[in-house]
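Shown next: query-v9.cif, given as mmCIF, C-alpha atoms and all ligand atoms.
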data_entry
loop_
_atom_site.label_atom_id
_atom_site.label_comp_id
_atom_site.auth_asym_id
_atom_site.auth_seq_id
_atom_site.Cartn_x
_atom_site.Cartn_y
_atom_site.Cartn_z
CA MET A 22 9.90 24.51 -8.34
CA VAL A 23 9.35 22.77 -11.66
CA LYS A 24 6.04 24.07 -13.03
CA GLU A 25 3.37 21.45 -13.56
CA SER A 26 2.26 23.14 -16.77
CA ASN A 27 5.78 22.76 -18.17
CA VAL A 28 5.83 19.09 -17.32
CA ASN A 29 2.54 18.68 -19.16
CA LYS A 30 3.71 20.61 -22.20
CA ALA A 31 7.00 18.77 -22.45
CA PHE A 32 5.20 15.46 -22.08
CA GLU A 33 2.89 16.27 -24.95
CA VAL A 34 5.78 17.08 -27.27
CA ALA A 35 7.70 13.98 -26.16
CA ALA A 36 4.65 11.79 -26.73
CA GLU A 37 4.47 12.93 -30.36
CA ARG A 38 8.16 12.48 -30.92
CA TYR A 39 8.09 8.92 -29.57
CA ALA A 40 4.86 8.08 -31.38
CA ALA A 41 6.63 8.83 -34.65
CA LEU A 42 8.96 5.94 -33.81
CA GLY A 43 6.08 3.68 -32.85
CA VAL A 44 6.58 4.10 -29.09
CA ASP A 45 3.56 4.64 -26.86
CA VAL A 46 4.68 6.79 -23.92
CA ASN A 47 1.57 5.98 -21.93
CA LYS A 48 2.34 2.31 -22.22
CA ALA A 49 5.88 3.00 -20.97
CA LEU A 50 4.34 4.85 -18.01
CA GLU A 51 2.17 1.83 -17.24
CA GLU A 52 5.15 -0.49 -17.50
CA ILE A 53 7.43 1.51 -15.25
CA LYS A 54 4.80 1.51 -12.52
CA LYS A 55 5.24 -2.26 -12.35
CA ILE A 56 8.95 -1.94 -11.59
CA SER A 57 9.55 -2.37 -7.88
CA LEU A 58 13.05 -1.80 -6.66
CA SER A 59 14.23 -3.67 -3.60
CA LEU A 60 15.58 -0.82 -1.47
CA HIS A 61 18.64 -1.79 0.58
CA CYS A 62 17.99 -0.83 4.20
CA TRP A 63 21.74 -0.69 4.89
CA GLN A 64 22.28 2.64 3.09
CA THR A 65 20.69 4.37 6.09
CA ASP A 66 23.24 3.25 8.70
CA ASP A 67 26.45 2.16 6.93
CA VAL A 68 25.62 -1.57 7.19
CA THR A 69 25.66 -1.44 10.99
CA GLY A 70 22.43 -3.18 11.99
CA PHE A 71 21.11 -3.59 15.51
CA GLU A 72 23.23 -6.36 16.84
CA ASN A 73 26.74 -5.03 17.41
CA GLN A 74 26.18 -1.33 17.90
CA GLY A 75 29.55 0.26 17.29
CA GLY A 76 31.13 -2.98 16.04
CA SER A 77 33.17 -2.78 12.89
CA LEU A 78 32.18 -3.87 9.42
CA THR A 79 34.16 -6.92 8.30
CA GLY A 80 34.00 -9.39 5.43
CA GLY A 81 36.06 -7.41 2.95
CA ILE A 82 33.53 -4.60 2.49
CA GLN A 83 33.94 -1.02 3.57
CA VAL A 84 31.87 2.10 4.00
CA THR A 85 33.87 5.27 3.59
CA GLY A 86 32.93 8.66 5.00
CA ASN A 87 31.50 9.92 8.26
CA TYR A 88 28.90 12.43 7.19
CA PRO A 89 26.73 13.27 10.21
CA GLY A 90 23.23 11.88 10.58
CA ARG A 91 23.63 8.10 10.39
CA ALA A 92 20.52 6.27 11.57
CA ARG A 93 21.41 4.86 15.01
CA ASN A 94 18.49 2.59 15.81
CA MET A 95 15.47 0.91 14.31
CA ASP A 96 13.18 3.91 14.57
CA GLU A 97 15.68 6.09 12.74
CA VAL A 98 16.32 3.48 10.06
CA ARG A 99 12.57 3.17 9.49
CA ALA A 100 12.03 6.92 9.44
CA ASP A 101 14.84 7.40 6.91
CA ILE A 102 13.56 4.63 4.66
CA LEU A 103 10.12 6.23 4.61
CA LYS A 104 11.66 9.62 3.89
CA ALA A 105 13.71 8.25 1.00
CA LYS A 106 10.70 6.34 -0.32
CA SER A 107 8.65 9.55 -0.44
CA TYR A 108 10.99 10.90 -3.14
CA ILE A 109 11.02 7.79 -5.31
CA PRO A 110 8.14 7.28 -7.73
CA GLY A 111 6.41 3.90 -7.71
CA SER A 112 5.93 1.24 -5.08
CA HIS A 113 9.00 -0.52 -3.81
CA ARG A 114 10.21 -3.38 -1.67
CA LEU A 115 12.61 -3.31 1.22
CA SER A 116 15.61 -5.56 1.56
CA LEU A 117 16.66 -6.37 5.13
CA HIS A 118 19.82 -8.00 6.40
CA GLU A 119 19.64 -10.44 9.29
CA ILE A 120 21.51 -8.00 11.54
CA TYR A 121 18.53 -5.62 11.33
CA GLY A 122 16.29 -7.92 13.38
CA ASP A 123 14.15 -6.47 16.15
CA PHE A 124 16.17 -8.09 18.92
CA GLN A 125 14.70 -5.84 21.65
CA GLY A 126 18.09 -5.37 23.27
CA LYS A 127 18.66 -9.11 23.73
CA LYS A 128 21.69 -10.93 22.41
CA VAL A 129 20.44 -13.22 19.71
CA ASP A 130 23.33 -14.97 18.02
CA ARG A 131 23.22 -15.65 14.31
CA ASP A 132 22.43 -19.32 14.86
CA GLU A 133 19.49 -18.44 17.11
CA VAL A 134 17.59 -15.96 14.96
CA GLU A 135 13.92 -16.70 14.27
CA PRO A 136 11.03 -15.26 12.30
CA CYS A 137 9.73 -13.63 15.51
CA HIS A 138 12.67 -11.21 15.35
CA PHE A 139 11.22 -9.86 12.14
CA GLN A 140 7.58 -9.74 13.16
CA THR A 141 7.56 -5.97 13.73
CA TRP A 142 9.34 -5.47 10.40
CA MET A 143 6.69 -7.52 8.61
CA GLU A 144 3.93 -5.48 10.20
CA TRP A 145 5.68 -2.18 9.62
CA ALA A 146 6.34 -3.05 5.99
CA LYS A 147 2.71 -3.99 5.50
CA GLU A 148 1.48 -0.74 7.05
CA ASN A 149 3.74 1.13 4.69
CA GLY A 150 2.86 -0.81 1.57
CA MET A 151 6.23 -2.50 1.20
CA LYS A 152 7.13 -6.14 0.70
CA LEU A 153 10.28 -7.55 2.21
CA ASP A 154 13.34 -9.28 0.84
CA PHE A 155 16.02 -10.75 3.04
CA ASN A 156 19.76 -11.38 3.31
CA SER A 157 21.76 -13.71 5.50
CA THR A 158 24.62 -11.91 7.28
CA SER A 159 27.92 -13.72 7.64
CA PHE A 160 30.15 -10.66 8.05
CA SER A 161 30.80 -8.48 11.14
CA HIS A 162 30.75 -11.38 13.59
CA PRO A 163 33.45 -12.99 15.75
CA LYS A 164 33.02 -16.25 13.80
CA SER A 165 33.27 -14.55 10.37
CA GLY A 166 37.04 -14.79 9.89
CA ASP A 167 38.04 -15.39 6.30
CA LEU A 168 35.88 -18.49 5.90
CA THR A 169 32.28 -19.17 6.86
CA LEU A 170 30.30 -21.68 4.79
CA ALA A 171 33.57 -22.91 3.27
CA ASN A 172 35.37 -23.31 6.57
CA PRO A 173 37.12 -26.67 7.08
CA ASP A 174 36.38 -26.35 10.81
CA ASP A 175 33.04 -28.11 11.17
CA SER A 176 31.91 -26.14 14.18
CA ILE A 177 32.28 -22.82 12.35
CA ARG A 178 30.88 -24.14 9.11
CA ASN A 179 27.89 -25.63 10.90
CA PHE A 180 27.28 -22.39 12.73
CA TRP A 181 26.92 -20.56 9.40
CA ILE A 182 24.89 -23.39 7.88
CA GLU A 183 22.47 -23.06 10.77
CA HIS A 184 22.37 -19.28 10.32
CA THR A 185 21.63 -19.52 6.62
CA LYS A 186 18.97 -22.20 7.14
CA ARG A 187 17.28 -19.94 9.65
CA CYS A 188 17.43 -17.05 7.19
CA ARG A 189 15.60 -19.20 4.64
CA TRP A 190 12.98 -20.02 7.27
CA ILE A 191 12.56 -16.32 8.10
CA SER A 192 12.25 -15.51 4.39
CA GLU A 193 9.59 -18.18 4.05
CA GLU A 194 7.58 -16.61 6.87
CA MET A 195 8.00 -13.15 5.34
CA GLY A 196 6.83 -14.49 1.99
CA LYS A 197 3.76 -16.08 3.58
CA PHE A 198 2.95 -12.98 5.58
CA GLN A 199 3.10 -10.69 2.57
CA ASN A 200 1.59 -13.21 0.18
CA ASP A 201 4.45 -12.66 -2.22
CA PRO A 202 7.75 -14.53 -2.45
CA CYS A 203 10.58 -13.10 -0.39
CA MET A 204 13.94 -13.09 -2.16
CA LEU A 205 16.71 -14.38 0.08
CA ASN A 206 20.14 -13.29 -0.99
CA ILE A 207 23.11 -15.28 0.22
CA TRP A 208 26.44 -13.53 -0.02
CA ILE A 209 29.47 -14.73 1.88
CA HIS A 210 32.91 -13.17 1.78
CA ASP A 211 34.92 -16.42 2.00
CA GLY A 212 38.31 -16.16 0.41
CA SER A 213 41.95 -15.53 1.08
CA LYS A 214 44.51 -12.78 0.87
CA GLU A 215 47.14 -15.07 -0.55
CA ILE A 216 47.01 -17.82 -3.13
CA PRO A 217 45.59 -20.94 -1.49
CA ALA A 218 47.33 -24.26 -1.91
CA SER A 219 43.96 -25.72 -2.86
CA ARG A 220 41.27 -23.74 -4.58
CA LEU A 221 39.13 -26.80 -4.97
CA LYS A 222 38.93 -27.74 -1.29
CA TYR A 223 36.97 -24.65 -0.23
CA ARG A 224 34.69 -24.65 -3.24
CA ALA A 225 33.82 -28.29 -2.56
CA LEU A 226 33.02 -27.34 1.03
CA LEU A 227 30.84 -24.43 -0.09
CA GLU A 228 28.95 -26.71 -2.46
CA LYS A 229 28.38 -29.17 0.38
CA SER A 230 27.19 -26.43 2.73
CA LEU A 231 24.79 -25.01 0.16
CA ASP A 232 23.35 -28.45 -0.59
CA GLU A 233 22.64 -28.88 3.10
CA ILE A 234 21.18 -25.37 3.42
CA PHE A 235 18.85 -25.91 0.46
CA GLU A 236 17.58 -29.31 1.64
CA THR A 237 14.24 -27.92 2.82
CA GLU A 238 11.90 -26.93 0.02
CA TYR A 239 9.98 -23.73 0.59
CA ALA A 240 7.10 -22.25 -1.38
CA HIS A 241 7.14 -18.59 -0.36
CA MET A 242 10.78 -17.67 -0.73
CA LYS A 243 13.40 -17.85 -3.46
CA ASP A 244 17.12 -18.44 -3.00
CA CYS A 245 19.67 -16.18 -4.65
CA ILE A 246 23.42 -16.73 -4.58
CA GLU A 247 25.74 -13.76 -5.05
CA ALA A 248 29.16 -14.05 -6.61
CA LYS A 249 32.06 -11.70 -6.18
CA LEU A 250 35.46 -11.04 -7.69
CA PHE A 251 37.32 -10.21 -4.49
CA GLY A 252 37.02 -8.55 -1.11
CA ILE A 253 39.36 -6.19 0.70
CA GLY A 254 42.01 -8.30 2.43
CA LEU A 255 40.84 -11.32 0.42
CA GLU A 256 42.33 -10.33 -2.90
CA SER A 257 43.79 -13.57 -4.24
CA TYR A 258 40.91 -15.98 -4.04
CA THR A 259 37.14 -15.87 -3.62
CA VAL A 260 35.45 -19.17 -2.94
CA GLY A 261 32.08 -17.97 -4.27
CA SER A 262 33.34 -16.75 -7.62
CA TYR A 263 31.03 -16.10 -10.56
CA ASP A 264 31.95 -19.42 -12.20
CA PHE A 265 31.18 -21.21 -8.97
CA TYR A 266 27.72 -19.72 -8.52
CA LEU A 267 26.82 -19.79 -12.18
CA GLY A 268 27.63 -23.49 -12.20
CA TYR A 269 25.75 -24.07 -8.97
CA GLY A 270 22.75 -22.02 -10.06
CA ALA A 271 22.51 -23.69 -13.46
CA LYS A 272 22.83 -27.17 -11.97
CA LYS A 273 20.55 -26.71 -8.98
CA GLY A 274 18.06 -24.19 -10.35
CA LYS A 275 19.05 -21.31 -8.09
CA ILE A 276 18.99 -17.61 -8.90
CA VAL A 277 22.37 -15.99 -9.42
CA THR A 278 22.68 -12.46 -8.06
CA LEU A 279 24.59 -10.10 -10.29
CA ASP A 280 26.09 -7.31 -8.24
CA THR A 281 27.30 -4.76 -10.75
CA GLY A 282 30.34 -4.04 -8.59
CA HIS A 283 31.52 -7.64 -8.44
CA PHE A 284 33.24 -8.10 -11.75
CA HIS A 285 36.32 -6.99 -13.62
CA LEU A 286 35.76 -3.35 -14.41
CA THR A 287 35.51 -3.78 -18.16
CA GLU A 288 33.19 -6.77 -17.93
CA SER A 289 29.65 -6.10 -19.15
CA ILE A 290 26.94 -7.17 -16.73
CA ALA A 291 24.32 -6.51 -19.40
CA ASP A 292 25.94 -9.17 -21.54
CA LYS A 293 25.38 -11.80 -18.85
CA ILE A 294 21.60 -11.39 -18.70
CA SER A 295 20.70 -13.43 -21.77
CA SER A 296 22.84 -16.36 -20.69
CA LEU A 297 21.37 -16.37 -17.19
CA LEU A 298 17.88 -16.24 -18.65
CA LEU A 299 18.62 -19.38 -20.64
CA PHE A 300 20.13 -21.40 -17.83
CA THR A 301 18.88 -20.12 -14.46
CA PRO A 302 15.34 -19.51 -13.20
CA GLU A 303 15.30 -15.76 -12.61
CA ILE A 304 17.67 -12.87 -12.13
CA MET A 305 18.53 -10.94 -9.01
CA LEU A 306 20.43 -7.70 -9.35
CA HIS A 307 22.43 -5.69 -6.90
CA VAL A 308 22.72 -2.38 -8.68
CA SER A 309 25.87 -0.69 -7.49
CA ARG A 310 28.69 1.45 -8.90
CA PRO A 311 32.28 0.33 -8.71
CA ILE A 312 35.01 2.93 -9.06
CA ARG A 313 38.26 1.04 -9.68
CA TRP A 314 37.06 -1.64 -7.24
CA ASP A 315 33.83 -2.74 -5.52
CA SER A 316 33.62 0.68 -3.91
CA ASP A 317 29.81 0.78 -3.70
CA HIS A 318 29.55 4.39 -4.85
CA VAL A 319 26.08 5.89 -5.20
CA VAL A 320 24.40 4.59 -8.34
CA ILE A 321 24.17 7.17 -11.12
CA LEU A 322 22.65 7.10 -14.57
CA SER A 323 25.68 5.57 -16.28
CA ASP A 324 26.02 3.87 -19.63
CA ASP A 325 26.50 0.57 -17.83
CA LEU A 326 23.22 0.93 -16.00
CA LEU A 327 21.42 1.97 -19.18
CA ASP A 328 22.82 -1.02 -21.00
CA LEU A 329 21.69 -3.35 -18.22
CA SER A 330 18.17 -1.96 -18.05
CA ARG A 331 17.79 -2.02 -21.84
CA GLU A 332 18.92 -5.63 -21.88
CA LEU A 333 16.27 -6.66 -19.35
CA VAL A 334 13.58 -4.86 -21.32
CA ARG A 335 14.75 -6.21 -24.69
CA CYS A 336 14.82 -9.74 -23.30
CA LYS A 337 11.27 -9.18 -21.97
CA ALA A 338 12.71 -10.32 -18.66
CA LEU A 339 11.23 -7.80 -16.24
CA ASP A 340 8.89 -10.38 -14.77
CA ARG A 341 11.83 -12.71 -14.14
CA SER A 342 14.02 -10.00 -12.63
CA HIS A 343 14.42 -8.56 -9.16
CA ILE A 344 16.11 -5.21 -8.99
CA GLY A 345 17.88 -4.78 -5.68
CA LEU A 346 20.23 -1.93 -4.93
CA ASP A 347 23.48 -2.30 -3.07
CA TYR A 348 25.75 0.58 -2.28
CA PHE A 349 26.74 2.44 0.83
CA ASP A 350 28.08 5.93 0.83
CA ALA A 351 28.69 7.80 4.05
CA THR A 352 30.43 10.81 2.54
CA ILE A 353 27.23 12.70 1.69
CA ASN A 354 23.72 12.93 3.10
CA ARG A 355 22.76 9.24 3.27
CA ILE A 356 19.10 9.73 2.39
CA GLY A 357 20.19 11.91 -0.52
CA ALA A 358 22.51 9.13 -1.62
CA TYR A 359 19.66 6.61 -1.32
CA VAL A 360 17.32 8.73 -3.43
CA ILE A 361 19.88 9.59 -6.12
CA GLY A 362 20.63 5.91 -6.71
CA CYS A 363 17.01 4.80 -6.75
CA ARG A 364 15.93 7.57 -9.08
CA ALA A 365 18.89 6.90 -11.38
CA THR A 366 17.94 3.22 -11.58
CA LEU A 367 14.34 4.05 -12.43
CA LYS A 368 15.44 6.64 -14.99
CA ALA A 369 17.48 3.96 -16.72
CA PHE A 370 14.42 1.70 -16.90
CA MET A 371 12.31 4.62 -18.13
CA GLN A 372 14.69 5.07 -21.05
CA ALA A 373 14.76 1.35 -21.73
CA LEU A 374 10.96 1.20 -21.80
CA LEU A 375 10.91 4.00 -24.36
CA GLU A 376 13.14 2.18 -26.80
CA PRO A 377 11.61 1.30 -30.18
CA THR A 378 13.00 -2.20 -29.85
CA GLY A 379 10.90 -3.59 -32.69
CA LYS A 380 12.41 -1.11 -35.12
CA LEU A 381 15.97 -1.91 -34.03
CA LEU A 382 15.32 -5.63 -34.33
CA ALA A 383 13.86 -5.19 -37.80
CA TYR A 384 16.88 -3.19 -38.96
CA GLU A 385 19.11 -5.88 -37.58
CA SER A 386 17.40 -8.80 -39.23
CA GLU A 387 17.34 -6.93 -42.55
CA GLY A 388 21.07 -6.22 -42.27
CA ARG A 389 20.44 -2.45 -42.14
CA TYR A 390 23.26 -1.72 -39.74
CA PHE A 391 23.65 1.96 -40.57
CA GLU A 392 20.02 2.60 -39.62
CA ARG A 393 20.39 0.49 -36.47
CA LEU A 394 23.41 2.46 -35.25
CA ALA A 395 21.97 5.83 -36.29
CA LEU A 396 18.73 5.19 -34.40
CA GLN A 397 20.58 3.90 -31.33
CA GLU A 398 22.49 7.18 -31.30
CA GLU A 399 19.44 9.37 -31.81
CA LEU A 400 17.58 7.60 -29.01
CA LYS A 401 20.12 8.90 -26.54
CA SER A 402 18.88 12.45 -26.96
CA LEU A 403 15.15 11.88 -27.31
CA PRO A 404 13.09 13.62 -24.59
CA TRP A 405 12.79 10.64 -22.25
CA ASN A 406 13.14 13.00 -19.30
CA ALA A 407 9.74 14.53 -20.11
CA VAL A 408 8.18 11.10 -19.60
CA TRP A 409 10.20 10.59 -16.42
CA ASP A 410 9.03 13.96 -15.08
CA MET A 411 5.46 12.96 -15.84
CA TYR A 412 5.99 9.72 -13.92
CA CYS A 413 7.17 11.70 -10.90
CA LEU A 414 4.28 14.14 -11.22
CA GLN A 415 1.69 11.37 -11.51
CA SER A 416 3.28 9.56 -8.57
CA GLY A 417 3.12 12.61 -6.34
CA VAL A 418 6.89 12.81 -5.77
CA PRO A 419 9.09 15.84 -6.44
CA VAL A 420 9.82 16.47 -10.13
CA GLY A 421 13.42 16.91 -11.26
CA GLU A 422 15.74 18.65 -8.83
CA ASP A 423 12.89 19.58 -6.49
CA PHE A 424 13.78 16.74 -4.13
CA ILE A 425 17.09 18.41 -3.23
CA PRO A 426 15.74 21.17 -0.93
CA GLU A 427 13.38 18.65 0.67
CA ILE A 428 16.25 16.40 1.65
CA LEU A 429 18.18 19.38 2.99
CA LYS A 430 15.16 20.30 5.08
CA TYR A 431 15.02 16.83 6.63
CA GLU A 432 18.74 17.08 7.29
CA GLN A 433 18.29 20.40 9.04
CA GLU A 434 15.30 19.29 11.07
CA VAL A 435 16.15 15.67 11.81
CA THR A 436 19.38 13.99 10.77
CA SER A 437 21.79 16.81 11.70
CA LYS A 438 20.51 16.61 15.26
CA ARG A 439 21.52 12.97 15.70
C1 LIG B 501 29.25 -7.37 -0.74
C2 LIG B 501 27.97 -7.77 -1.38
C3 LIG B 501 26.78 -7.84 -0.48
C4 LIG B 501 26.72 -6.71 0.53
C5 LIG B 501 25.40 -6.56 1.24
C6 LIG B 501 25.51 -5.69 2.44
O1 LIG B 501 30.25 -7.14 -1.63
O2 LIG B 501 27.71 -6.93 -2.44
O3 LIG B 501 25.63 -7.95 -1.23
O4 LIG B 501 27.04 -5.49 -0.04
O5 LIG B 501 24.88 -7.78 1.49
ZN ZN B 502 25.80 -7.06 -3.36
#

Could you take the file, read its structure, and then write that structure out as structure tokens?
Amino acid sequence: MVKESNVNKAFEVAAERYAALGVDVNKALEEIKKISLSLHCWQTDDVTGFENQGGSLTGGIQVTGNYPGRARNMDEVRADILKAKSYIPGSHRLSLHEIYGDFQGKKVDRDEVEPCHFQTWMEWAKENGMKLDFNSTSFSHPKSGDLTLANPDDSIRNFWIEHTKRCRWISEEMGKFQNDPCMLNIWIHDGSKEIPASRLKYRALLEKSLDEIFETEYAHMKDCIEAKLFGIGLESYTVGSYDFYLGYGAKKGKIVTLDTGHFHLTESIADKISSLLLFTPEIMLHVSRPIRWDSDHVVILSDDLLDLSRELVRCKALDRSHIGLDYFDATINRIGAYVIGCRATLKAFMQALLEPTGKLLAYESEGRYFERLALQEELKSLPWNAVWDMYCLQSGVPVGEDFIPEILKYEQEVTSKR
């Protein structure tokens, strides 16, 4: 067990070290408390949901691995979320997909879903101090195919329009219930394996569908549109590309979701933040980790993530940003995977909040580029982890590696018996 007295000592030394650079560690601790992640419920059960038990995951996404202990029903999903949450400092939101509705064993098709199917979720979330975000679900359904909102067949397209409209309505009710806007993320997989004869046709259809979906104005929810480079089996063309959604978002005032796994691998997501801030209302993130493709590996404290979190802090954009997570790994303990990714994301923000941004900016405007680079390098090895440990200690969650045996205990007692 990490000794509390060591956490206190290390914090004291770190505080002095940062103060010398003009950084107030206590202020950083106050700031990080305000960061609420939007935890993705689908890490608990490999994006299965409660509608097609045993049905396969489609839409060009894939969960790999079959580690034992997957949550099999709503009670298990809820229990696992609470378990994961107990190892993550701070207060966080929960992001639900439409397929996680409380359907009570009834068949409720995607164009029939209503806010009542999320009533128990709203109450449960409230009891557990969480606010909800929402996602429409157009994959893993007989009508998914390769095209949903961009389908030239009106009956299929209208089916998904109706679904997405209902998801906005549900989000509105969630937002009202929790007295805080619910973020609705719309991601569709539409695309094709081979080069289409017309790229324009499907994009025009998607624009038309979105216009219809967004006709109703709501006050308690916010729409986010998520772009993607490609999906498995849909490698040549994605209707909802980044250019498409950036254009749509800028023109119609919608929030563009940046999923960090949805771009060319050398593309910097951090570099996109400032442009989005200038031309779109807010920013929604899906923090993920692509390995060679959109593989949705467990998020770790990578340079990319650090760069992204620093950018949001430097742009003073935290109050215009929503930090959702999106990965699904079934090769290791799923709750462990959940916690690793959430803690890594918060650690990145901890480091960003400890940056002496004013000093770097001053060096830059004075043309003192040696000092700027030297300080950027030194910052990497400053004792940020002492402040992070203090955050965990103050939040009453395990410090450092102490969460590992706890997760193993839950595995032994609960998830391994599933
Ligand atoms: C897929 C998108 C999408 C999904 C979730 C389950 O590539 O990232 O956000 O992962 O909605
Ligand atoms: Zn995503």

Draw an axis-aligned box over all listed atoms of ligand LIG 501 (chain B), pad each side with 8 Å, and write its centre and edge lengths in Å, one decimal, as JSON.
{"center_x": 27.6, "center_y": -6.7, "center_z": 0.0, "size_x": 21.4, "size_y": 18.5, "size_z": 20.9}

At a cut-off of 10 Å and counting only C-alpha atoms and all ligand atoms, what residues surround ligand LIG 501 (chain B)? Please answer as an NGL selection string. :A and (61-64 or 67-69 or 78 or 80-84 or 116-119 or 155-160 or 206-210 or 246-253 or 278-283 or 306-309 or 315-317 or 345-349)

Go through A:Lys147, A:Arg310, A:Lys438, A:Lys380 one by one, measure the shortest atom-to-atom distance of each to ligand ZN 502 (chain B) using only C-alpha atoms and all ligand atoms, and give the residue with the smallest value.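 Ranked by minimum distance to ligand ZN 502 (chain B), first place goes to A:Arg310.
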
Residue neighbourhood A:Val334, 12 Å, only C-alpha atoms, exclusion window fewer than 2 positions, as number ranges by chain: A: 49, 52-53, 56, 291, 294-295, 327-332, 336-342, 369-379

Radius query 7 Å about (7.9, -16.4, 4.5), atoms used: all atoms listed in the file, as a PyMOL selection string: chain A and resi 190-198+203+241-242

I need the residue nearest ligand ZN 502 (chain B) from this list: A:Met411, A:Val420, A:Met305, A:Val319. Use only C-alpha atoms and all ligand atoms for the distance. A:Met305

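Atom CA of A:Phe71 is positioned 5.3 Å from atom CA of A:Tyr121.
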
May I ask which of the residues A:Met151, A:Cys245, A:Cys363, A:Ala146 is the closest one to ligand ZN 502 (chain B), counting all atoms listed in the file?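 Checking each candidate against ligand ZN 502 (chain B), we get A:Cys245 as the closest.
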
Report, in Å with one decimal, the straight-line distance from atom CA of A:Gly261 to atom CA of A:Gly212.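 It comes out at 8.0 Å.
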
Sel. within 8 Å of pt (20.3, -14.3, 13.3), counting all atoms listed in the file, output as a PDB file with C-alpha atoms, in the frame of the given file:
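selection.pdb, freshly written:
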ATOM      1  CA  GLU A 119      19.640 -10.440   9.290  1.00  0.00           C
ATOM      2  CA  ILE A 120      21.510  -8.000  11.540  1.00  0.00           C
ATOM      3  CA  GLY A 122      16.290  -7.920  13.380  1.00  0.00           C
ATOM      4  CA  VAL A 129      20.440 -13.220  19.710  1.00  0.00           C
ATOM      5  CA  ASP A 130      23.330 -14.970  18.020  1.00  0.00           C
ATOM      6  CA  ARG A 131      23.220 -15.650  14.310  1.00  0.00           C
ATOM      7  CA  ASP A 132      22.430 -19.320  14.860  1.00  0.00           C
ATOM      8  CA  GLU A 133      19.490 -18.440  17.110  1.00  0.00           C
ATOM      9  CA  VAL A 134      17.590 -15.960  14.960  1.00  0.00           C
ATOM     10  CA  GLU A 135      13.920 -16.700  14.270  1.00  0.00           C
ATOM     11  CA  SER A 157      21.760 -13.710   5.500  1.00  0.00           C
ATOM     12  CA  THR A 158      24.620 -11.910   7.280  1.00  0.00           C
ATOM     13  CA  HIS A 184      22.370 -19.280  10.320  1.00  0.00           C
ATOM     14  CA  ARG A 187      17.280 -19.940   9.650  1.00  0.00           C
ATOM     15  CA  CYS A 188      17.430 -17.050   7.190  1.00  0.00           C
TER      16      CYS A 188
END

Counting all atoms listed in the file, the residue of A:Ala218, A:Leu299, A:Val277, A:Leu50 that sits nearest ligand ZN 502 (chain B):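 Using all atoms listed in the file, the shortest distance to ligand ZN 502 (chain B) belongs to A:Val277.
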
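Atom to atom, atom CA of A:Glu398 and atom CA of A:Thr287 stand 21.5 Å apart.
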
Would you mind listing what lies within 8 Å of A:Val418 as a ChimeraX atom specification, with all atoms listed in the file counted and same-chain residues fewer than 4 positions away left out? /A:107-110,413-414

Which residue gives the smallest distance to ligand ZN 502 (chain B) among A:Pro311, A:Glu183, A:Asp423, A:Leu103, with all atoms listed in the file counted? A:Pro311
